[in-house]
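Accompanying notes for the structure given below.
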Amino acid sequence: MVTEKLTSKKIKAFLLANGASIVGIANLENIDEKIGCDIEEFQKYTRAISIGIGLSDEIINGIISGPTMVYADHYREINSKLDEIAGNLARELIEKGFETLVIPASKRYDQTKLAAIFPHKTAAILSGLGWIGKSALLISFEHGPRIRLVTVLTNADLEADTLQKISQCGDCTNCVDACPPKAITGKLWTYGMAREEIFNAYKCLDHLKIQKKRVGETICGICIAVCPYG
């Protein structure tokens with residue numbers, strides 16, 4: 001791809017051919033405080049490339065009362081593959097002279113807010129890949145919440161996709177009812193809503209710490225397994 005002029009279509013084809021399940025491109029030129037991160041830090045980036053890999057239905061369906069060792073292994077494997085794909089794209093963009101930053105698939109930078117420096121879910125909804133569910137997870141149109149994400153920020157001049165502003169969860173309360181620590185409020189997400197209105201990340205983290213002792217990862221997966229969009 002290095003020898004070709006970069007276009008959104010070519011980047012998406014490149015990523016899909018290298019293992020991505022879904023790809024979207026977000027316009028960051030008019031971002032505001034609604035994206036949930038430090039705007040000043042990201043002003044030099046005009047696009048966010050959101051890349052997702054679908055999780056195995058068989059493995060997710062095996063999550064009944066909590067995460068399994070198989071799920072933990074799968075989680076690590078998918079995160080590693082996402083970081084590899086994102087790294088390959090970043091090298092292509094850098095070789096073309098573009099400012100580029102990879103936000104790894106699973107790395108929390110802000111331990112107080114329990115958030116990444118640039119949320120993967122933000123890039124995904126800005127690029128139209130799905131909406132934020134009552135579980136505070138991305139609900140992708142193709143895979144529901146059974147997806148893992150990585151993000152590449154760049155100043156490459158790429159055609160952006162249309163952002164998603166409304167939820168399609170409706171009256172469903174599957175994740176609300178199934179959440180062990182009762183971290184989900186049940187409110188329907190709309191664009192710009194603070195995470196705290198729909199989800200208590202600290203209650204969730206307390207539960208995840210218990211699961212880490214069992215499977216070696218801060219994961220649960222119950223809300224993913226019960227979502228009808230999966």
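Please note that chains go A, B, ... in the order of the structure tokens, that every chain numbers its residues from 1, and that ligands are numbered from 1 in the order shown.
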Legend entry - Backbone-only DSSP, alpha helix (DSSP H) members of range 62-193 of chain A, as a PyMOL selection string: chain A and resi 69-95+120-126+174-178
Listing only residues of range 131-167 of chain A within 8 Å of range 211-228 of chain A, what is the closest atom pair and its distance in Å (to one decimal) for each, using only C-alpha atoms, sorted by chain and residue number ascending, as CSV?
```
residue,atom,partner,partner_atom,distance
A:Ser135,CA,A:Cys223,CA,6.7
A:Gly144,CA,A:Cys227,CA,7.4
A:Pro145,CA,A:Ile224,CA,5.5
A:Arg146,CA,A:Ile224,CA,6.2
```
Inset, instruction - Show which residues sit within 10 Å of Ala48 in chain A, as a list of chain:residue names. Count only C-alpha atoms, and ignore same-chain residues fewer than 3 positions away. - result: A:Gly24, A:Ile25, A:Ala26, A:Asn27, A:Leu28, A:Tyr45, A:Ile51, A:Thr100, A:Leu101, A:Val102, A:Ile103, A:Phe118, A:His120, A:Thr122, A:Ala123, A:Ala124, A:Leu126, A:Ser127, A:Thr151, A:Val152, A:Leu153, A:Thr154, A:Asn155, A:Ala156, A:Leu158, A:Ala160
Inset, instruction - Write down as a VMD selection string the residues of range 50-129 of chain A whose backbone DSSP state falls under strand (DSSP E). - result: chain A and resid 50 to 54 100 to 103
Legend entry - For Ile210 in chain A, the nearest of the candidates A:Pro67, A:Gly19, A:Ala86, A:Ser50, counting only C-alpha atoms: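 Of A:Pro67, A:Gly19, A:Ala86, A:Ser50, the one nearest Ile210 in chain A, counting only C-alpha atoms, is A:Pro67.
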Legend entry - Å distance separating CA of Lys81 in chain A from CA of Ile60 in chain A, one decimal place: 18.0 Å
Legend entry - Ser106 in chain A environment, 10 Å, only C-alpha atoms, sequence neighbours closer than 4 positions dropped, as a ChimeraX atom specification: /A:75-76,79-80,82-83,116,120,148-150
Inset, instruction - Rank A:Thr68, A:Ser56, A:Thr190, A:Asn200 by their smallest atom-to-atom distance to Gly170 in chain A, using only C-alpha atoms, and report the top residue only. - result: A:Thr190
Inset, instruction - Provide the CA of Tyr202 in chain A to CA of Ala183 in chain A distance in Å, to one decimal place. - result: 8.1 Å
Legend entry - Which residue of A:Leu208, A:Ile85, A:Leu188, A:Ile125 approaches Ala17 in chain A most closely, using only C-alpha atoms: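 Result for the nearest residue to Ala17 in chain A: A:Ile85.
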Inset, instruction - Select, from A:Leu137, A:Ser21, A:Gln43, A:Val70, the residue with the minimum atom-to-atom distance to Glu58 in chain A, counting only C-alpha atoms. - result: A:Val70
Legend entry - Top pick for closest residue to Ile132 in chain A, considering A:Ile94, A:Ala178, A:Ile78, A:Ala194 and counting only C-alpha atoms: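 So, comparing all the options, the nearest one is A:Ala194.
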Inset, instruction - Between A:Leu15, A:Glu142, A:Glu92, A:Ile147, single out the one closest to Ile53 in chain A, counting only C-alpha atoms. - result: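 The answer is A:Ile147, which sits nearest to Ile53 in chain A.
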